[in-house]
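Asker: Take a look at the following structure, please.
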Amino acid sequence: MSIFIAILLGIVQGLTEFIPVSSSGHLELIQQIIGGRAGDFHLFIELINLGTVIALILYFRKRIWGILQDIFKKKNYKLAINVIITCIPAGLAGLLLGDFIETNGFFSSLYTVSIAMLVIGILMIASDKTPHMSKLKDENKLTKPRALYIGLAQVLALIPGVSRSGSTILAGRAVGLSAASATEYSFLVSIPLMLAVCAKSLVSSTTRTYLFTNLGPLLIANLFAFVFGMLALKLVMDYVKKQNSLRAFGFYRVILASIVLIYLLIQ
């Protein structure tokens with residue numbers, strides 16, 4: 001693994017993990033462009049999740065600390081319980097289907113990635129105009145069924161091109177959250193899942209061997225993923241607070257997906 005590719009993958013991971021344009025989709029595109037085959041950098045990509053999850057924890061440290069204090073003081077369990085409920089469907093699906101999706105050529109196909117990116121992009125553009133459930137002030141007002149609905153939507157993010165943040169933000173909007181509240185809730189529920197992905201990776205002896213063999217490039221990639229992850233978090237949160245919309249991300253997805261599909265069809 002060259003340092004240049006490590007930096008490139010770290011930057012792409014950091015930016016696209018939190019901007020709802022699909023990190024898995026972008027990384028699939030990148031690895032097929034520079035690697036020639038799907039799956040060439042699979043282990044490397046798994047191990048640079050650490051940089052982005054650290055960025056996420058640091059960015060939301062005050063909010064996370066507030067939730068933990070509420071739990072310790074037995075003051076308010078509602079948000080913590082909702083986060084767990086939202087995480088369960090994706091966690092179970094990841095355990096049961098994760099390996100199948102990762103090794104099945106259909107899911108790593110650029111056709112699949114670009115079509116998924118296109119469909120979610122269109123939904124993002126349309127989300128401002130579609131009917132939502134009753135309006136909620138913030139994620140603290142979520143009911144358990146609505147938290148489960150967001151969790152079920154998050155399962156779709158196992159498909160490269162969908163986006164974990166994109167699917168959960170759209171579902172949050174559908175159940176009545178503002179774009180800002182839906183985005184913040186999406187990031188909060190991604191923390192336990194991302195930590196689980198990191199832990200699962202390190203359980204495998206093959207992955208640990210790969211880690212020590214590629215320690216230098218992985219440290220560099222995680223550093224860039226952390227820095228650009230922090231920048232992306234600020235960009236996204238500032239944008240949705242001001243605009244209360246996902247349209248810009250939707251248009252980006254539609255344009256990129258269209259370019260990829262046109263290329264695939266004419267080559």
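Ordering of the structure tokens sets the chain letters (A, B, ...), residue numbers begin anew at 1 in every chain, and ligands are numbered from 1 in the order given.
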Residues of region 21-112 of chain A that approach region 166-171 of chain A to 10 Å or less, counting only C-alpha atoms: could you list each one with the shortest pair of atoms and its distance in Å to one decimal, rows by chain and increasing residue number, as a tab-separated table?
Answerer:
```
residue	atom	partner	partner_atom	distance
A:Val21	CA	A:Gly166	CA	6.8
A:Ser22	CA	A:Gly166	CA	7.3
A:Thr86	CA	A:Thr168	CA	9.3
```
Asker: Please provide as a ChimeraX atom specification all residues within 10 Å of region 69-83 of chain A, with the sequence filter that same-chain residues fewer than 5 positions apart are discarded (counting only C-alpha atoms).
Answerer: /A:63-64,88,139-148,150-151,185-186,188-192
Asker: Quick one: residues within 12 Å of Lys241 (chain A), only C-alpha atoms, excluding same-chain residues fewer than 2 positions away - as a count of residues only?
Answerer: 17
Asker: Using only C-alpha atoms, can you tell me which of A:Ile54, A:Leu202, A:Ala126, A:Val197 comes closest to Ala174 (chain A)?
Answerer: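 Among the listed residues, the smallest separation from Ala174 (chain A) belongs to A:Ala126.
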Asker: Please identify all polymer residues within 12 Å of Ala93 (chain A), counting only C-alpha atoms, omitting same-chain residues fewer than 3 positions from it, and present them as a list in words.
Answerer: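 After dropping sequence-adjacent residues, the list is Cys87, Ile88, Pro89, Ala90, Leu96, Leu97, Gly98, Asp99, Phe100, Ile101, Gly151, Leu152, Ala153, Gln154, Val155, Leu156, Ala157, Leu158, Ile159 and Leu193 of chain A.
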Asker: Enumerate, in order of chain and increasing residue number, the residues of region 75-176 of chain A with an atom no farther than 10 Å from region 264-267 of chain A, each with its shortest atom pair and distance in Å to one decimal, counting only C-alpha atoms, as a tab-separated table.
Answerer:
```
residue	atom	partner	partner_atom	distance
A:Leu110	CA	A:Leu264	CA	8.1
A:Tyr111	CA	A:Leu264	CA	7.7
A:Ser114	CA	A:Leu264	CA	9.9
```
